[in-house]
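Participant: Structure file input01.txt, compact mmCIF, C-alpha atoms and all ligand atoms, is pasted below:
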```txt
# COMPACT_ATOMS: atom_id res chain seq x y z
CA MET A 285 130.39 102.32 94.94
CA GLU A 286 126.90 103.70 95.50
CA THR A 287 126.37 107.46 95.39
CA ILE A 288 123.53 109.81 96.25
CA SER A 289 123.40 113.58 96.07
CA LYS A 290 121.17 116.42 97.21
CA VAL A 291 121.07 120.17 96.68
CA VAL A 292 121.19 121.75 100.13
CA GLY A 293 120.86 125.15 101.74
CA MET A 294 120.92 128.85 100.95
CA LEU A 295 123.69 128.62 98.36
CA ALA A 296 122.36 125.40 96.78
CA THR A 297 125.39 123.30 97.62
CA ASN A 298 125.64 119.83 96.08
CA VAL A 299 126.06 117.42 99.00
CA HIS A 300 127.10 113.85 98.24
CA ILE A 301 127.21 110.53 100.07
CA LEU A 302 129.37 107.72 98.67
CA ALA A 303 129.15 104.21 100.07
CA ASP A 304 130.61 100.77 99.61
CA GLU A 305 127.87 98.18 98.95
CA ARG A 306 129.63 95.42 100.84
CA THR A 307 131.20 97.04 103.88
CA ARG A 308 128.39 99.66 104.18
CA GLU A 309 131.03 102.29 104.94
CA ALA A 310 130.15 105.76 103.67
CA ILE A 311 131.64 109.20 103.31
CA ALA A 312 129.89 112.55 102.93
CA ILE A 313 131.19 115.42 100.83
CA ASP A 314 130.41 119.10 101.62
CA THR A 315 127.76 118.87 104.34
CA ALA A 316 126.13 122.27 104.00
CA ILE A 317 123.41 123.39 106.42
CA PRO A 318 120.93 121.65 106.66
CA SER A 319 122.38 118.23 105.76
CA LEU A 320 121.97 116.38 109.04
CA GLU A 321 118.41 115.07 108.66
CA TRP A 322 118.98 113.94 105.09
CA VAL A 323 122.29 112.26 105.93
CA GLN A 324 120.86 110.52 109.00
CA GLY A 325 117.78 109.38 107.09
CA GLU A 326 119.80 107.93 104.22
CA LEU A 327 122.27 106.21 106.55
CA ALA A 328 119.43 104.60 108.48
CA ALA A 329 117.45 103.60 105.38
CA ARG A 330 120.47 102.09 103.62
CA ASP A 331 122.27 100.67 106.65
CA TRP A 332 125.32 102.80 105.90
CA LYS A 333 127.88 103.81 108.51
CA LEU A 334 129.39 107.24 107.98
CA LYS A 335 133.16 107.18 108.44
CA LEU A 336 134.34 110.49 107.03
CA ILE A 337 133.02 113.98 106.29
CA VAL A 338 135.08 115.63 103.57
CA SER A 339 135.04 119.37 102.87
CA THR A 340 136.35 120.27 99.41
CA HIS A 341 137.29 123.60 101.03
CA GLY A 342 136.50 125.56 104.15
CA HIS A 343 133.75 127.94 103.03
CA TRP A 344 130.66 127.87 105.26
CA ASP A 345 128.44 126.53 102.48
CA HIS A 346 130.65 123.41 102.33
CA MET A 347 131.20 122.71 106.05
CA GLY A 348 128.29 124.27 107.94
CA ASP A 349 126.80 121.00 109.17
CA ASN A 350 130.14 119.20 109.69
CA ALA A 351 129.97 119.57 113.48
CA ARG A 352 126.40 118.31 113.79
CA VAL A 353 126.84 115.43 111.34
CA ALA A 354 130.07 114.39 113.07
CA GLU A 355 128.43 114.55 116.48
CA HIS A 356 125.51 112.34 115.40
CA THR A 357 127.45 109.81 113.34
CA GLY A 358 130.90 109.64 114.93
CA ALA A 359 132.47 110.34 111.52
CA LEU A 360 135.80 112.15 111.35
CA ILE A 361 136.21 115.40 109.44
CA ALA A 362 138.74 115.80 106.63
CA VAL A 363 140.01 118.96 104.90
CA HIS A 364 143.23 120.21 103.37
CA PRO A 365 145.45 121.69 106.12
CA LEU A 366 145.53 125.10 104.40
CA ASP A 367 141.75 125.39 104.81
CA ALA A 368 141.55 123.83 108.29
CA HIS A 369 141.43 127.28 109.94
CA ARG A 370 138.12 127.99 108.18
CA LEU A 371 136.58 124.97 109.95
CA THR A 372 137.96 125.72 113.38
CA ASN A 373 137.24 129.47 113.06
CA PRO A 374 134.17 129.89 110.86
CA PRO A 375 133.04 133.42 109.98
CA ALA A 376 131.23 135.40 112.66
CA PRO A 377 127.41 135.45 112.36
CA ARG A 378 127.43 138.96 110.86
CA TRP A 379 129.22 137.61 107.75
CA THR A 380 126.90 134.68 107.10
CA PRO A 381 123.11 134.27 107.02
CA LEU A 382 123.39 131.30 109.37
CA GLU A 383 125.35 130.63 112.50
CA ILE A 384 128.16 128.25 111.51
CA PRO A 385 129.37 125.95 114.30
CA PRO A 386 133.13 125.38 114.37
CA CYS A 387 134.46 121.87 113.91
CA VAL A 388 137.82 120.19 114.29
CA PRO A 389 139.25 118.27 111.34
CA ALA A 390 141.05 115.07 112.32
CA VAL A 391 142.17 113.99 108.86
CA GLU A 392 144.45 115.99 106.56
CA LEU A 393 143.78 115.84 102.83
CA GLN A 394 147.09 116.13 101.03
CA GLU A 395 148.07 116.23 97.38
CA GLY A 396 148.54 112.66 96.19
CA GLY A 397 146.69 111.23 99.17
CA GLU A 398 143.86 108.74 98.90
CA ILE A 399 140.61 108.27 100.80
CA ARG A 400 139.82 104.56 101.02
CA PHE A 401 136.88 102.72 102.54
CA GLY A 402 136.04 99.36 100.98
CA SER A 403 135.65 100.01 97.27
CA ILE A 404 135.54 103.80 97.77
CA ARG A 405 138.71 105.30 96.42
CA LEU A 406 139.13 109.04 96.12
CA GLU A 407 142.42 110.54 95.01
CA VAL A 408 143.10 113.96 96.48
CA LEU A 409 144.16 116.71 94.09
CA HIS A 410 145.22 119.93 95.76
CA THR A 411 143.69 122.60 93.47
CA PRO A 412 144.19 126.05 95.05
CA GLY A 413 142.76 129.20 93.48
CA HIS A 414 139.29 129.52 95.05
CA THR A 415 140.91 129.06 98.46
CA GLU A 416 144.46 128.02 99.44
CA GLY A 417 143.33 124.58 100.51
CA SER A 418 140.71 123.71 97.89
CA VAL A 419 140.80 120.11 96.70
CA CYS A 420 139.17 118.03 93.98
CA LEU A 421 138.42 114.37 94.64
CA LEU A 422 138.92 111.90 91.82
CA ALA A 423 137.02 108.60 91.76
CA ARG A 424 139.13 107.22 88.93
CA ASP A 425 137.38 103.85 88.60
CA GLU A 426 133.96 105.52 88.34
CA GLY A 427 135.21 108.29 86.06
CA ARG A 428 134.00 111.03 88.41
CA LEU A 429 135.61 114.18 89.70
CA TYR A 430 134.15 116.02 92.71
CA SER A 431 135.39 119.51 91.87
CA GLY A 432 134.12 121.63 94.78
CA ASP A 433 134.18 125.34 93.87
CA THR A 434 137.17 124.96 91.53
CA LEU A 435 135.37 123.95 88.31
CA PHE A 436 131.68 124.52 87.54
CA ALA A 437 129.68 123.81 84.39
CA GLY A 438 130.74 126.72 82.20
CA SER A 439 132.76 128.57 84.84
CA PHE A 440 135.04 128.42 87.85
CA GLY A 441 135.04 129.51 91.50
CA ARG A 442 135.62 133.08 92.61
CA VAL A 443 139.24 134.07 93.10
CA ASP A 444 138.57 137.44 94.78
CA LEU A 445 137.78 136.13 98.26
CA PRO A 446 140.42 135.78 101.00
CA GLY A 447 142.88 133.07 100.04
CA GLY A 448 141.89 133.23 96.38
CA SER A 449 144.44 133.48 93.57
CA ALA A 450 143.83 133.89 89.83
CA GLU A 451 147.28 132.48 89.03
CA ALA A 452 146.73 129.42 91.20
CA MET A 453 143.29 128.93 89.62
CA VAL A 454 144.79 128.96 86.11
CA ASP A 455 147.25 126.26 87.18
CA SER A 456 144.60 124.16 88.91
CA LEU A 457 142.15 124.34 86.00
CA GLY A 458 144.99 123.59 83.60
CA ARG A 459 145.66 120.47 85.58
CA LEU A 460 142.01 119.39 85.37
CA ALA A 461 142.12 119.99 81.61
CA GLY A 462 144.72 117.22 81.49
CA PHE A 463 142.04 114.62 82.21
CA ASP A 464 140.25 112.85 79.38
CA ASP A 465 137.05 114.28 77.92
CA PRO A 466 134.63 111.68 79.36
CA LEU A 467 135.56 112.42 82.99
CA MET A 468 132.30 113.44 84.69
CA VAL A 469 132.57 116.55 86.86
CA LEU A 470 130.34 117.01 89.92
CA PRO A 471 130.79 120.61 91.08
CA GLY A 472 130.01 122.13 94.46
CA HIS A 473 127.13 124.08 92.89
CA GLY A 474 125.03 123.68 89.78
CA PRO A 475 124.71 120.89 87.24
CA ASN A 476 127.20 118.17 86.47
CA THR A 477 129.41 118.50 83.43
CA ALA A 478 132.32 116.68 81.78
CA ILE A 479 135.89 117.73 81.10
CA GLY A 480 135.20 117.50 77.35
CA ARG A 481 132.29 119.92 77.61
CA GLU A 482 134.51 122.50 79.37
CA ARG A 483 137.50 121.87 77.14
CA PRO A 484 137.04 124.82 74.73
CA TRP A 485 137.48 127.46 77.43
CA LEU A 486 139.92 125.38 79.46
CA ASP A 487 142.21 125.08 76.43
CA TRP A 488 141.83 128.80 75.69
CA MET A 489 142.80 129.54 79.29
CA ALA A 490 145.83 127.26 79.13
CA ARG A 491 146.98 128.94 75.88
CA GLU A 492 146.46 132.47 77.21
CA GLY A 493 147.73 131.73 80.70
CA ARG A 494 144.88 133.71 82.25
CA LEU A 495 141.31 133.26 83.37
CA PRO A 496 138.57 134.14 80.87
CA VAL A 497 136.90 137.38 82.00
ZN ZN B 501 133.64 128.31 98.13
ZN ZN B 502 130.46 127.03 97.50
```
What's the structure tokens form of this structure?
Ligand SMILES: [Zn+2]
Ligand SMILES: [Zn+2]

Facilitator:
Amino acid sequence: METISKVVGMLATNVHILADERTREAIAIDTAIPSLEWVQGELAARDWKLKLIVSTHGHWDHMGDNARVAEHTGALIAVHPLDAHRLTNPPAPRWTPLEIPPCVPAVELQEGGEIRFGSIRLEVLHTPGHTEGSVCLLARDEGRLYSGDTLFAGSFGRVDLPGGSAEAMVDSLGRLAGFDDPLMVLPGHGPNTAIGRERPWLDWMAREGRLPV
């Protein structure tokens, strides 16, 4: 599996493209605005064919360019069903600094499901807390976890927005703490980390049963 990443847009979203070297099939994760030119350029330069656009959750900084990228590549859009309404009904322009085009997801990401194209294998973990339908994507063979806005280096996603839940976040982070220390974590914002590096506060949280303030 080949992977490339770029920091994109007003909220510095980490956008990723994963591809299979042999079949040239690719998927994009969290196409924030403006991702289209970068995605198109990389696909053309590397002879990759985009099959799927995955949103780790439905916030505008993780799906803003879904519609345009889908239109130009023919890729399908995937999201957890509990966050699908955020893609079909994005916030009105007065709530966001950019106009966010709606898009229609065709693929449902479900707990225990798997995204598979060639050698690309991503296990879907439903990890609510930041939103109802937040997911993490586990590339087990590569030892990588795409954690969206659930787990960041040194912190976790907000739970005070609509659909957020502190209790659900504790459970979801507790689940991530069950992975081995070397698992590399690629969050939706900010630098990469590893489960082992976050373990001190994750273990504290699991013991206390509440989020660190
Ligand atoms: Zn978010
Ligand atoms: Zn975000």

Participant: For atom CA of A:Leu360 and atom CA of A:Val391, determine how far apart the two atoms are, in Å to one decimal place.

Facilitator: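 Taking atom CA of A:Leu360 as the start and atom CA of A:Val391 as the end point, the length is 7.1 Å.
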
Participant: Find the residue from A:Ala452, A:Pro446, A:Val299, A:Trp344 that sits nearest to A:Pro377; use only C-alpha atoms when measuring.

Facilitator: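 Using only C-alpha atoms, the shortest distance to A:Pro377 belongs to A:Trp344.
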
Participant: Find the residues of chain A that sit at most 6 Å from ligand ZN 502 (chain B); for each, write down the nearest two atoms and how far apart they are in Å, to one decimal. Count all atoms listed in the file. Sort by chain, then by number going up, and give it as CSV.

Facilitator:
```
residue,atom,partner,partner_atom,distance
A:Asp345,CA,B:ZN502,ZN,5.4
A:Asp433,CA,B:ZN502,ZN,5.5
A:Gly472,CA,B:ZN502,ZN,5.8
```

Participant: Neighbouring residues of A:Gly474 were defined as those with any atom within 9 Å, considering all atoms listed in the file; residues of the same chain fewer than 6 positions away were excluded. Please report them as number ranges by chain.

Facilitator: A: 291, 296-298, 436-437

Participant: Sorted by chain and rising residue number, which residues of chain A lie within 9 Å of ligand ZN 501 (chain B), and what are their closest atom pairs and distances in Å to one decimal, counting all atoms listed in the file, as JSON lines?

Facilitator:
```
{"residue": "A:Thr340", "atom": "CA", "partner": "B:ZN501", "partner_atom": "ZN", "distance": 8.6}
{"residue": "A:His341", "atom": "CA", "partner": "B:ZN501", "partner_atom": "ZN", "distance": 6.6}
{"residue": "A:Gly342", "atom": "CA", "partner": "B:ZN501", "partner_atom": "ZN", "distance": 7.2}
{"residue": "A:His343", "atom": "CA", "partner": "B:ZN501", "partner_atom": "ZN", "distance": 4.9}
{"residue": "A:Trp344", "atom": "CA", "partner": "B:ZN501", "partner_atom": "ZN", "distance": 7.7}
{"residue": "A:Asp345", "atom": "CA", "partner": "B:ZN501", "partner_atom": "ZN", "distance": 7.0}
{"residue": "A:His346", "atom": "CA", "partner": "B:ZN501", "partner_atom": "ZN", "distance": 7.1}
{"residue": "A:His414", "atom": "CA", "partner": "B:ZN501", "partner_atom": "ZN", "distance": 6.5}
{"residue": "A:Thr415", "atom": "CA", "partner": "B:ZN501", "partner_atom": "ZN", "distance": 7.3}
{"residue": "A:Ser418", "atom": "CA", "partner": "B:ZN501", "partner_atom": "ZN", "distance": 8.4}
{"residue": "A:Gly432", "atom": "CA", "partner": "B:ZN501", "partner_atom": "ZN", "distance": 7.5}
{"residue": "A:Asp433", "atom": "CA", "partner": "B:ZN501", "partner_atom": "ZN", "distance": 5.2}
{"residue": "A:Thr434", "atom": "CA", "partner": "B:ZN501", "partner_atom": "ZN", "distance": 8.2}
{"residue": "A:Gly441", "atom": "CA", "partner": "B:ZN501", "partner_atom": "ZN", "distance": 6.9}
{"residue": "A:Arg442", "atom": "CA", "partner": "B:ZN501", "partner_atom": "ZN", "distance": 7.6}
{"residue": "A:Leu445", "atom": "CA", "partner": "B:ZN501", "partner_atom": "ZN", "distance": 8.8}
{"residue": "A:Gly472", "atom": "CA", "partner": "B:ZN501", "partner_atom": "ZN", "distance": 8.1}
```

Participant: List the neighbours of A:Glu395 out to 10 Å using only C-alpha atoms; skip same-chain residues closer than 2 positions along the sequence, and give me the result as a list in words.

Facilitator: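 Result of the neighbour search: His364, Glu392, Leu393, Gly397, Glu398, Glu407, Val408, Leu409, His410, Thr411, Val419 and Cys420 of chain A.
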
Participant: Rounded to one decimal, what separation in Å do you get between atom CA of A:Ala362 and atom CA of A:Leu421?

Facilitator: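 Interatomic distance, atom CA of A:Ala362 to atom CA of A:Leu421: 12.1 Å.
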
Participant: Considering all atoms listed in the file, can you say which of A:Glu305, A:Glu416, A:Glu482, A:Asp487 comes closest to A:Phe440?

Facilitator: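 For A:Phe440, the nearest of the candidates is A:Glu482.
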
Participant: Considering only C-alpha atoms, return as a PyMOL selection string whatever protein or nucleic-acid residues lie within 12 Å of stretch 378-382 of chain A, sequence-local ones (same chain, fewer than 5 positions apart) excluded.

Facilitator: chain A and resi 293-295+316-318+343-345+348-349

Participant: Which of these, A:Val363, A:Ala423, A:Ala390, A:Ala376, has the shortest distance to A:Glu286 once you count all atoms listed in the file?

Facilitator: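 Of A:Val363, A:Ala423, A:Ala390, A:Ala376, the one nearest A:Glu286, counting all atoms listed in the file, is A:Ala423.
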
Participant: Neighbouring residues of A:Ala450 were defined as those with any atom within 9 Å, considering all atoms listed in the file; residues of the same chain fewer than 2 positions away were excluded. Please report them as a list in words.

Facilitator: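 Counting all atoms listed in the file, the residues come to Gly413, His414, Arg442, Val443, Asp444, Gly448, Ala452, Met453, Val454, Asp455, Arg494 and Leu495 of chain A.
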
Participant: Determine the nearest neighbour of A:Asn476 from the options A:Arg352, A:Ser319, A:Ala310, A:Ser289, counting all atoms listed in the file.

Facilitator: A:Ser289

Participant: From the set A:Arg491, A:Arg306, A:Arg459, A:His300, which residue has the shortest atom-to-atom contact distance to A:Met285, counting only C-alpha atoms?

Facilitator: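 So, comparing all the options, the nearest one is A:Arg306.
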
Participant: Excluding A:Thr287 and residues on its chain fewer than 5 positions from it, collect all residues at most 7 Å away from it, counting all atoms listed in the file, and give them as a list in words.

Facilitator: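 Near neighbours after the sequence-gap exclusion: Ile301, Leu302 and Ala303 of chain A.
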
Participant: Got time to write the residues from that selection, C-alpha atoms, as a tab-separated table (two decimals), in the coordinates of the input?

Facilitator:
```tsv
chain	number	residue	atom	x	y	z
A	301	ILE	CA	127.21	110.53	100.07
A	302	LEU	CA	129.37	107.72	98.67
A	303	ALA	CA	129.15	104.21	100.07
```

Participant: Hey, can you check how far atom CA of A:Glu326 sits from atom CA of A:Val292?

Facilitator: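 We find that atom CA of A:Glu326 and atom CA of A:Val292 lie 14.5 Å from each other.
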
Participant: Determine the nearest neighbour of A:Ile479 from the options A:Trp332, A:Phe401, A:Tyr430, A:Phe463, counting all atoms listed in the file.

Facilitator: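 Smallest distance to A:Ile479 is found for A:Phe463.
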